[in-house]
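In what follows, a single structure is set out as structure tokens and then discussed.
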Amino acid sequence: MSERTLAIIKPDAVNKHVIGDIVSRYEKAGLKPVAMRLMQMGKPVAEGFYAVHKARPFFDSLCTFMSSGPSVVLVLQGENAIKKNRELMGATDPAKAEKGTIRAAHGTNIEYNAVHGSDSPETAKFEITYFFPGMDIIG
Ligand code: IDP
Ligand code: MG
């Protein structure tokens, strides 16, 4: 089933000049970018995006990081896009991410881990609408 997911190339990865490498990985995996923004989100925008993690001890640090520089926010479309992107990304902690994944290649630590990807159809819907209001969800 073709579906859409939200991906973010986080500020650490943009700083490392690996936007091109990461977008190329999406394309080679059959995840087609159908919307894309280069933007520096304000801290309140990061806080709204990560609201589900509000109670976690790393919440403030995470939102400071996510607003510290430009990110690339994308909508990716393809067969099983949500699961496929999570596989491409690898585990949250780059030290535990499988070889060949984006986080194994470009992540620095469990916080500065290069990319975000929606984890379910419900979060994909919320996240796509959050950054691309008015964009219809398919699948
Ligand atoms: P995910 O990005 O793999 O879905 P989540 O558990 O949803 O991981 O956490 C969201 C983001 O919060 C992570 O990508 C990472 O940047 C940060 N994070 C997660 N766990 C920790 C932690 O234990 N310490 C610091 N930052 C964390
Ligand atoms: Mg998550």
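If you're wondering about the labels, chains in the structure tokens are A, B, ... by order shown, residues count from 1 in each chain, ligands from 1 in order shown.
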Find the nearest atom pair between each residue of chain A and ligand 2 for residues within 9 Å, count only C-alpha atoms and all ligand atoms, give distances in Å to one decimal, sort rows by chain and ascending number, and present the table as a Markdown table.
```
| residue | atom | partner | partner_atom_place_in_ligand_line | distance |
| --- | --- | --- | --- | --- |
| A:Tyr50 | CA | ligand 2 | 1 (Mg) | 8.5 |
| A:Val52 | CA | ligand 2 | 1 (Mg) | 8.9 |
| A:His53 | CA | ligand 2 | 1 (Mg) | 8.7 |
| A:Thr92 | CA | ligand 2 | 1 (Mg) | 8.2 |
| A:His116 | CA | ligand 2 | 1 (Mg) | 7.1 |
| A:Gly117 | CA | ligand 2 | 1 (Mg) | 6.9 |
| A:Ser118 | CA | ligand 2 | 1 (Mg) | 6.5 |
| A:Asp119 | CA | ligand 2 | 1 (Mg) | 6.0 |
| A:Thr123 | CA | ligand 2 | 1 (Mg) | 8.9 |
```
Quick one: residues within 9 Å of ligand 1, with only C-alpha atoms and all ligand atoms, as a ChimeraX atom specification? /A:10,50,52-53,56-59,61-63,65-66,86,89-93,109-119
Can you list, as an MDAnalysis selection string, every residue of segment 4-122 of chain A that DSSP puts in strand (DSSP E or B)? chainID A and resid 4:9 32:39 71:79 115:117
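Atom CA of Val73 of chain A lies 4.5 Å from atom CA of Ile8 of chain A.
One distance worth recording is that between atom CA of Ala81 of chain A and atom CA of Glu98 of chain A, which is 18.8 Å.
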Can you list every residue in segment 1-123 of chain A that DSSP puts in helix (DSSP H, G or I), as a ChimeraX atom specification? /A:11-15,19-28,43-49,51-53,59-66,81-89,94-96,102-106,121-123
Could you work out how far atom CA of Lys84 of chain A lies from atom CA of Gly107 of chain A, giving the answer in Å with one decimal? 18.4 Å
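Among the candidate residues A:Ala97, A:Tyr26, A:Asp21, A:Pro70, the one lying nearest to Gln40 of chain A is A:Pro70, with distances computed using only C-alpha atoms.
Using only C-alpha atoms for every distance, the candidate list A:Ser68, A:Leu88, A:Met1, A:Lys32 yields A:Ser68 as the residue closest to Ala46 of chain A.
Distance annotation: of A:Leu31, A:Gly134, A:Val18, A:Ile128, the residue with the minimal separation from Glu79 of chain A is A:Leu31; atom set is only C-alpha atoms.
Using only C-alpha atoms, the shortest contact distance between Val23 of chain A and any of A:Ala51, A:Met135, A:Val72, A:Met39 is found at A:Val72.
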Nearest residue to Ile138 of chain A out of A:Val45, A:Ala95, A:Ala104, A:Val34, using only C-alpha atoms? A:Val34
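Nearest to Val75 of chain A of all the residues A:Ala124, A:Leu38, A:Leu6, A:Val14 is A:Leu6, based on only C-alpha atoms.
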